[in-house]
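A.B. asks: start-v2.cif is reproduced in full below (mmCIF, C-alpha atoms).
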```cif
data_model
#
loop_
_atom_site.group_PDB
_atom_site.id
_atom_site.type_symbol
_atom_site.label_atom_id
_atom_site.label_comp_id
_atom_site.auth_asym_id
_atom_site.auth_seq_id
_atom_site.Cartn_x
_atom_site.Cartn_y
_atom_site.Cartn_z
ATOM 1 C CA GLN A 1 77.514 49.993 -119.748
ATOM 2 C CA PRO A 2 78.083 53.771 -119.666
ATOM 3 C CA ILE A 3 81.640 54.858 -120.407
ATOM 4 C CA ALA A 4 81.868 56.936 -117.211
ATOM 5 C CA SER A 5 81.143 53.893 -115.050
ATOM 6 C CA VAL A 6 83.723 51.829 -116.949
ATOM 7 C CA VAL A 7 86.402 54.463 -116.302
ATOM 8 C CA SER A 8 85.423 54.536 -112.634
ATOM 9 C CA ASP A 9 86.089 50.771 -112.520
ATOM 10 C CA LEU A 10 89.800 51.417 -113.075
ATOM 11 C CA ALA A 11 91.834 50.375 -110.026
ATOM 12 C CA LYS A 12 94.772 48.280 -108.910
ATOM 13 C CA GLY A 13 93.911 44.616 -109.361
ATOM 14 C CA LYS A 14 91.661 45.085 -112.381
ATOM 15 C CA LEU A 15 92.270 43.507 -115.768
ATOM 16 C CA LEU A 16 92.380 45.457 -119.004
ATOM 17 C CA VAL A 17 91.232 43.338 -121.921
ATOM 18 C CA ALA A 18 92.187 44.859 -125.271
ATOM 19 C CA SER A 19 89.139 45.468 -127.435
ATOM 20 C CA ARG A 20 89.063 44.148 -130.983
ATOM 21 C CA ARG A 21 89.500 47.700 -132.244
ATOM 22 C CA LEU A 22 92.841 48.173 -130.464
ATOM 23 C CA THR A 23 95.423 47.592 -133.207
ATOM 24 C CA ASP A 24 98.568 49.051 -131.607
ATOM 25 C CA PRO A 25 101.042 46.167 -132.058
ATOM 26 C CA SER A 26 102.328 46.636 -128.498
ATOM 27 C CA PHE A 27 98.874 45.947 -127.059
ATOM 28 C CA ALA A 28 96.686 44.198 -129.639
ATOM 29 C CA GLU A 29 94.964 41.141 -128.106
ATOM 30 C CA THR A 30 96.609 41.672 -124.724
ATOM 31 C CA VAL A 31 95.348 41.190 -121.185
ATOM 32 C CA ILE A 32 96.946 43.525 -118.635
ATOM 33 C CA LEU A 33 96.848 43.338 -114.843
ATOM 34 C CA LEU A 34 96.889 46.821 -113.303
ATOM 35 C CA LEU A 35 99.490 47.029 -110.537
ATOM 36 C CA GLU A 36 98.994 50.747 -109.878
ATOM 37 C CA TYR A 37 96.307 53.278 -110.763
ATOM 38 C CA SER A 38 95.919 56.847 -109.522
ATOM 39 C CA LYS A 39 95.351 60.389 -110.755
ATOM 40 C CA ASP A 40 99.072 60.495 -111.556
ATOM 41 C CA GLY A 41 98.997 57.561 -113.977
ATOM 42 C CA ALA A 42 98.928 53.787 -114.137
ATOM 43 C CA MET A 43 101.142 50.767 -114.654
ATOM 44 C CA GLY A 44 100.506 47.124 -115.316
ATOM 45 C CA VAL A 45 101.903 43.947 -116.835
ATOM 46 C CA VAL A 46 100.826 42.091 -119.954
ATOM 47 C CA LEU A 47 99.775 38.620 -118.822
ATOM 48 C CA ASN A 48 99.589 36.791 -122.139
ATOM 49 C CA ARG A 49 102.923 37.250 -123.902
ATOM 50 C CA SER A 50 105.080 34.440 -122.594
ATOM 51 C CA THR A 51 108.566 33.545 -123.793
ATOM 52 C CA ASP A 52 110.590 30.353 -123.551
ATOM 53 C CA ILE A 53 113.170 32.064 -121.319
ATOM 54 C CA SER A 54 113.265 30.477 -117.877
ATOM 55 C CA LEU A 55 113.252 32.582 -114.739
ATOM 56 C CA ALA A 56 116.162 30.472 -113.491
ATOM 57 C CA THR A 57 118.226 31.727 -116.438
ATOM 58 C CA VAL A 58 117.399 35.359 -115.686
ATOM 59 C CA LEU A 59 118.039 35.030 -111.939
ATOM 60 C CA PRO A 60 120.821 32.397 -111.794
ATOM 61 C CA GLU A 61 121.856 33.439 -108.303
ATOM 62 C CA ILE A 62 118.613 32.015 -106.885
ATOM 63 C CA LYS A 63 119.421 28.304 -106.987
ATOM 64 C CA ALA A 64 115.932 27.188 -105.902
ATOM 65 C CA LEU A 65 114.541 28.402 -109.253
ATOM 66 C CA LYS A 66 116.432 25.654 -111.102
ATOM 67 C CA LYS A 67 113.933 23.113 -109.788
ATOM 68 C CA ARG A 68 111.019 25.131 -111.170
ATOM 69 C CA LYS A 69 109.623 25.657 -114.669
ATOM 70 C CA ASP A 70 108.698 29.340 -114.405
ATOM 71 C CA VAL A 71 109.220 31.326 -117.606
ATOM 72 C CA VAL A 72 109.480 35.060 -118.142
ATOM 73 C CA SER A 73 106.678 36.914 -119.932
ATOM 74 C CA LEU A 74 107.006 40.207 -121.792
ATOM 75 C CA GLY A 75 105.257 42.512 -119.341
ATOM 76 C CA GLY A 76 105.298 45.580 -121.566
ATOM 77 C CA PRO A 77 107.412 47.962 -123.616
ATOM 78 C CA VAL A 78 108.865 49.924 -120.660
ATOM 79 C CA GLY A 79 111.903 48.793 -118.638
ATOM 80 C CA ARG A 80 112.473 45.464 -120.369
ATOM 81 C CA ALA A 81 115.649 44.939 -118.322
ATOM 82 C CA GLN A 82 113.566 45.018 -115.119
ATOM 83 C CA ILE A 83 111.956 41.833 -113.778
ATOM 84 C CA LEU A 84 108.628 42.116 -111.936
ATOM 85 C CA LEU A 85 107.396 39.139 -109.941
ATOM 86 C CA LEU A 86 103.870 38.172 -108.964
ATOM 87 C CA ALA A 87 103.228 35.406 -106.452
ATOM 88 C CA HIS A 88 100.106 33.582 -105.348
ATOM 89 C CA SER A 89 100.436 32.999 -101.640
ATOM 90 C CA PRO A 90 97.927 32.141 -98.871
ATOM 91 C CA LYS A 91 99.510 34.787 -96.651
ATOM 92 C CA GLN A 92 101.304 38.025 -97.461
ATOM 93 C CA PRO A 93 104.991 37.354 -98.140
ATOM 94 C CA GLU A 94 107.678 39.555 -96.644
ATOM 95 C CA GLN A 95 108.348 42.773 -98.575
ATOM 96 C CA ALA A 96 105.355 42.147 -100.813
ATOM 97 C CA GLN A 97 102.452 44.356 -101.832
ATOM 98 C CA ARG A 98 98.958 42.936 -102.310
ATOM 99 C CA ILE A 99 97.478 43.495 -105.769
ATOM 100 C CA PHE A 100 94.215 41.541 -105.333
ATOM 101 C CA GLY A 101 93.081 38.469 -103.411
ATOM 102 C CA ASN A 102 96.124 36.304 -102.713
ATOM 103 C CA CYS A 103 98.157 37.873 -105.521
ATOM 104 C CA TYR A 104 101.204 39.870 -104.418
ATOM 105 C CA ILE A 105 104.015 41.698 -106.147
ATOM 106 C CA ILE A 106 107.427 40.682 -104.810
ATOM 107 C CA ALA A 107 109.716 43.625 -104.201
ATOM 108 C CA SER A 108 113.158 42.030 -103.960
ATOM 109 C CA GLN A 109 115.227 38.944 -104.721
ATOM 110 C CA THR A 110 115.625 38.425 -100.975
ATOM 111 C CA ALA A 111 111.861 38.246 -100.588
ATOM 112 C CA LEU A 112 111.608 35.836 -103.530
ATOM 113 C CA LEU A 113 114.294 33.595 -102.070
ATOM 114 C CA HIS A 114 112.513 33.506 -98.714
ATOM 115 C CA LEU A 115 109.163 32.795 -100.372
ATOM 116 C CA ILE A 116 110.218 29.899 -102.582
ATOM 117 C CA GLY A 117 112.607 28.571 -99.954
ATOM 118 C CA ASN A 118 109.670 28.065 -97.612
ATOM 119 C CA ASN A 119 107.055 26.975 -100.130
ATOM 120 C CA ALA A 120 108.765 25.523 -103.212
ATOM 121 C CA PRO A 121 107.629 23.920 -105.400
ATOM 122 C CA ASN A 122 103.996 24.749 -104.585
ATOM 123 C CA ILE A 123 104.101 28.531 -104.745
ATOM 124 C CA LYS A 124 102.777 29.974 -108.007
ATOM 125 C CA LEU A 125 104.914 32.650 -109.657
ATOM 126 C CA ARG A 126 104.625 34.886 -112.702
ATOM 127 C CA ALA A 127 107.703 36.788 -113.893
ATOM 128 C CA PHE A 128 107.614 39.727 -116.295
ATOM 129 C CA ALA A 129 110.302 41.582 -118.197
ATOM 130 C CA GLY A 130 109.146 45.179 -118.397
ATOM 131 C CA TYR A 131 105.746 46.756 -117.873
ATOM 132 C CA ALA A 132 103.155 49.006 -119.474
ATOM 133 C CA GLY A 133 102.830 52.582 -118.232
ATOM 134 C CA TRP A 134 100.345 55.412 -118.722
ATOM 135 C CA ALA A 135 100.661 59.106 -117.924
ATOM 136 C CA ALA A 136 97.994 60.908 -115.872
ATOM 137 C CA ARG A 137 94.532 60.440 -117.431
ATOM 138 C CA GLN A 138 95.963 58.621 -120.452
ATOM 139 C CA LEU A 139 94.422 55.262 -119.551
ATOM 140 C CA ASP A 140 91.102 56.931 -118.705
ATOM 141 C CA ALA A 141 91.048 58.377 -122.233
ATOM 142 C CA GLU A 142 91.824 54.990 -123.795
ATOM 143 C CA VAL A 143 89.027 53.310 -121.813
ATOM 144 C CA SER A 144 86.631 56.126 -122.743
ATOM 145 C CA ARG A 145 87.198 55.444 -126.433
ATOM 146 C CA ASN A 146 86.572 51.723 -125.902
ATOM 147 C CA ASP A 147 90.166 50.553 -126.362
ATOM 148 C CA TRP A 148 89.920 48.406 -123.211
ATOM 149 C CA HIS A 149 87.326 46.387 -121.316
ATOM 150 C CA VAL A 150 87.825 46.664 -117.525
ATOM 151 C CA ILE A 151 87.030 43.549 -115.463
ATOM 152 C CA PRO A 152 87.997 42.219 -112.012
ATOM 153 C CA ALA A 153 91.090 40.008 -111.915
ATOM 154 C CA GLU A 154 90.791 36.383 -110.842
ATOM 155 C CA THR A 155 93.590 34.184 -109.560
ATOM 156 C CA VAL A 156 92.866 31.436 -112.087
ATOM 157 C CA THR A 157 93.231 33.910 -114.952
ATOM 158 C CA VAL A 158 96.517 35.374 -113.759
ATOM 159 C CA PHE A 159 98.239 32.155 -112.697
ATOM 160 C CA ASP A 160 96.571 29.234 -114.473
ATOM 161 C CA THR A 161 95.040 30.257 -117.797
ATOM 162 C CA ALA A 162 97.215 29.449 -120.813
ATOM 163 C CA PRO A 163 98.524 32.723 -122.278
ATOM 164 C CA GLU A 164 97.476 31.792 -125.808
ATOM 165 C CA LYS A 165 93.858 31.266 -124.669
ATOM 166 C CA MET A 166 93.558 34.159 -122.216
ATOM 167 C CA TRP A 167 92.542 37.024 -124.507
ATOM 168 C CA LYS A 168 90.095 34.921 -126.534
ATOM 169 C CA GLU A 169 88.318 33.732 -123.397
ATOM 170 C CA LEU A 170 88.171 37.134 -121.721
ATOM 171 C CA ILE A 171 87.118 39.119 -124.787
ATOM 172 C CA HIS A 172 84.085 36.855 -125.148
ATOM 173 C CA HIS A 173 83.182 37.345 -121.475
ATOM 174 C CA SER A 174 83.696 41.110 -121.721
ATOM 175 C CA GLU A 175 81.569 41.453 -124.825
ATOM 176 C CA PHE A 176 78.740 39.526 -123.162
ATOM 177 C CA GLU A 177 78.885 41.927 -120.214
ATOM 178 C CA TRP A 178 78.858 44.961 -122.508
ATOM 179 C CA ALA A 179 75.847 43.516 -124.292
ATOM 180 C CA GLY A 180 74.000 43.421 -120.978
ATOM 181 C CA VAL A 181 74.412 39.725 -120.231
ATOM 182 C CA ASN A 182 75.285 39.055 -116.592
ATOM 183 C CA TRP A 183 78.290 36.849 -117.372
ATOM 184 C CA PRO A 184 79.436 36.240 -113.750
ATOM 185 C CA PHE A 185 76.085 34.528 -113.083
ATOM 186 C CA TYR A 186 76.695 32.045 -115.883
ATOM 187 C CA HIS A 187 80.393 31.741 -115.093
ATOM 188 C CA GLU A 188 79.715 30.756 -111.495
ATOM 189 C CA GLY A 189 77.841 27.592 -112.235
ATOM 190 C CA GLY A 190 74.633 28.856 -113.837
ATOM 191 C CA VAL A 191 73.378 27.334 -117.059
ATOM 192 C CA ILE A 192 74.350 29.253 -120.159
ATOM 193 C CA PRO A 193 71.204 29.803 -122.240
ATOM 194 C CA GLU A 194 71.312 28.470 -125.793
ATOM 195 C CA SER A 195 70.930 32.014 -127.088
ATOM 196 C CA VAL A 196 74.210 32.934 -125.424
ATOM 197 C CA SER A 197 76.222 29.758 -125.958
ATOM 198 C CA ALA A 198 75.307 29.692 -129.649
ATOM 199 C CA GLN A 199 76.917 33.071 -130.267
#
```
Once more with this new file: its structure as C-alpha cells, please.
C.D. replies:
Amino acid sequence: QPIASVVSDLAKGKLLVASRRLTDPSFAETVILLLEYSKDGAMGVVLNRSTDISLATVLPEIKALKKRKDVVSLGGPVGRAQILLLAHSPKQPEQAQRIFGNCYIIASQTALLHLIGNNAPNIKLRAFAGYAGWAARQLDAEVSRNDWHVIPAETVTVFDTAPEKMWKELIHHSEFEWAGVNWPFYHEGGVIPESVSAQ
C-alpha cells in the first residue's frame, strides 16, 4: 500500500498499530485510538496498557462505579493526571463526542454519572490516564516512515479485546493487509487459505 494513501487514512476513529520497527519505549507494541486528527496535530489514547487501578478509586465521588470492575489504562505520556473516558452506548450520551460507531468520549463527570446511572452495569467504559499527542504533521511523518499501521477501529477491539492480546492480533492483520492480502474478507467469515493461516 503506497505511503501517501496510508497517511491519507489518518482520521479520528482510526487505530494506530505500532510497527515492529517502532522501539520507542513509550509506544513499542502499542495500539492507539485517534481521538483527534487535523492539520494542527493529533491526539489519541493507548488502548493496551492497562493497570490494576480501579476507576472507582480514581473517581470516588461517583458511587455507582463501586459496583463496576472498570480499571484505568495508561493512555499516554501526556497529562497523566487527566482521566479520559470512552463509552460504548447505543445512543449518544449527553455532553459526549462521537469517535466512531457507538464509541463516544465522555466530557465530564456529570455526563458519566448520568450515563452509568441510567445504564449500569451494562454500559461499557474505558478509562485512560493521560494521552498521546503529536504536533502538526508529526504523526504524518511517523506513518510515512512506517512506524505505524493505520486501520479502522472496531468496537470489539476497543472494548472487548484483552489488552495483552491486542497488539499481537492487530499487527498480524495489518501485516497481511500490507502484503496485499484482503484481511477484512477473511475476518468477516471467509475461509482463511492455508497459505495465509500457516504463516
A.B. asks: Do you have, as CSV, the list of residues of region 111-138 of chain A lying at most 8 Å from region 54-65 of chain A, each with its nearest atom pair and that distance in Å to one decimal, counting only C-alpha atoms and ordered by chain then number?
C.D. replies:
```
residue,atom,partner,partner_atom,distance
A:Leu113,CA,A:Ile62,CA,6.7
A:Ile116,CA,A:Ala64,CA,7.1
A:Gly117,CA,A:Ala64,CA,7.0
A:Ala120,CA,A:Ala64,CA,7.8
A:Ala127,CA,A:Leu55,CA,7.0
```
A.B. asks: Could you tell me which of A:Tyr37, A:Gln109, A:Ser19, A:Leu84 comes closest to Glu175 (chain A) if we count only C-alpha atoms?
C.D. replies: A:Ser19
A.B. asks: Taking the file as I've supplied it (selection: the PyMOL selection byres ((chain A and resi 88) around 12)), which residues are included? Please answer as a compact mmCIF listing (two decimals) with C-alpha atoms, keeping the file's coordinate frame.
C.D. replies:
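What follows is the written file result.txt:
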```txt
# COMPACT_ATOMS: atom_id res chain seq x y z
CA LEU A 85 107.40 39.14 -109.94
CA LEU A 86 103.87 38.17 -108.96
CA ALA A 87 103.23 35.41 -106.45
CA SER A 89 100.44 33.00 -101.64
CA PRO A 90 97.93 32.14 -98.87
CA LYS A 91 99.51 34.79 -96.65
CA GLN A 92 101.30 38.02 -97.46
CA PRO A 93 104.99 37.35 -98.14
CA ALA A 96 105.36 42.15 -100.81
CA GLN A 97 102.45 44.36 -101.83
CA ARG A 98 98.96 42.94 -102.31
CA ILE A 99 97.48 43.50 -105.77
CA PHE A 100 94.22 41.54 -105.33
CA GLY A 101 93.08 38.47 -103.41
CA ASN A 102 96.12 36.30 -102.71
CA CYS A 103 98.16 37.87 -105.52
CA TYR A 104 101.20 39.87 -104.42
CA ILE A 105 104.02 41.70 -106.15
CA ILE A 106 107.43 40.68 -104.81
CA LEU A 112 111.61 35.84 -103.53
CA LEU A 115 109.16 32.80 -100.37
CA ILE A 116 110.22 29.90 -102.58
CA ASN A 119 107.06 26.98 -100.13
CA ASN A 122 104.00 24.75 -104.58
CA ILE A 123 104.10 28.53 -104.74
CA LYS A 124 102.78 29.97 -108.01
CA LEU A 125 104.91 32.65 -109.66
CA ARG A 126 104.62 34.89 -112.70
CA ALA A 127 107.70 36.79 -113.89
CA GLU A 154 90.79 36.38 -110.84
CA THR A 155 93.59 34.18 -109.56
CA VAL A 156 92.87 31.44 -112.09
CA THR A 157 93.23 33.91 -114.95
CA VAL A 158 96.52 35.37 -113.76
CA PHE A 159 98.24 32.16 -112.70
CA ASP A 160 96.57 29.23 -114.47
```
A.B. asks: Name all residues at most 8 Å from Ala135 (chain A) (count only C-alpha atoms; drop same-chain ones fewer than 4 positions away) and give them as a list in words.
C.D. replies: Asp40, Gly41, Ala42 and Leu139 of chain A
A.B. asks: Draw an axis-aligned box over all listed atoms of region 123-136 of chain A, pad each side with 6 Å, and write its centre and edge lengths in Å, one decimal, as AutoDock Vina command-line options.
C.D. replies:
```
--center_x 104.1 --center_y 44.7 --center_z -112.1 --size_x 24.3 --size_y 44.4 --size_z 26.7
```
A.B. asks: Would you mind telling me which residue in A:His149, A:Lys67, A:Arg80, A:His173 lies nearest to Leu33 (chain A) when using all atoms listed in the file?
C.D. replies: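 Among the listed residues, A:His149 lies closest to Leu33 (chain A).
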A.B. asks: Assuming the chain letters and numbering stay as they are in my file, what does the PyMOL selection byres ((chain A and resi 27) around 12) actually select? List them as a PyMOL selection string.
C.D. replies: chain A and resi 16-26+28-32+44-49+74-77+131-133+142+147-148+167
A.B. asks: Can you tell me how far CA of Ala141 (chain A) sits from CA of Ala11 (chain A), in Å to one decimal?
C.D. replies: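 So the answer is 14.6 Å.
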A.B. asks: What gap, in Å, lies between CA of Gln95 (chain A) and CA of Ser108 (chain A)?
C.D. replies: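 Computing the Euclidean distance for CA of Gln95 (chain A) and CA of Ser108 (chain A) yields 7.3 Å.
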A.B. asks: Please determine, counting only C-alpha atoms, which residue among A:Met43, A:Ala136, A:Met166, A:Ile171 has the shortest atom-to-atom distance to Val150 (chain A).
C.D. replies: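 Distance minimum relative to Val150 (chain A) lands on A:Ile171.
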A.B. asks: CA of Lys66 (chain A) and CA of Thr110 (chain A), how far apart in Å?
C.D. replies: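 Separating CA of Thr110 (chain A) from CA of Lys66 (chain A) is a distance of 16.3 Å.
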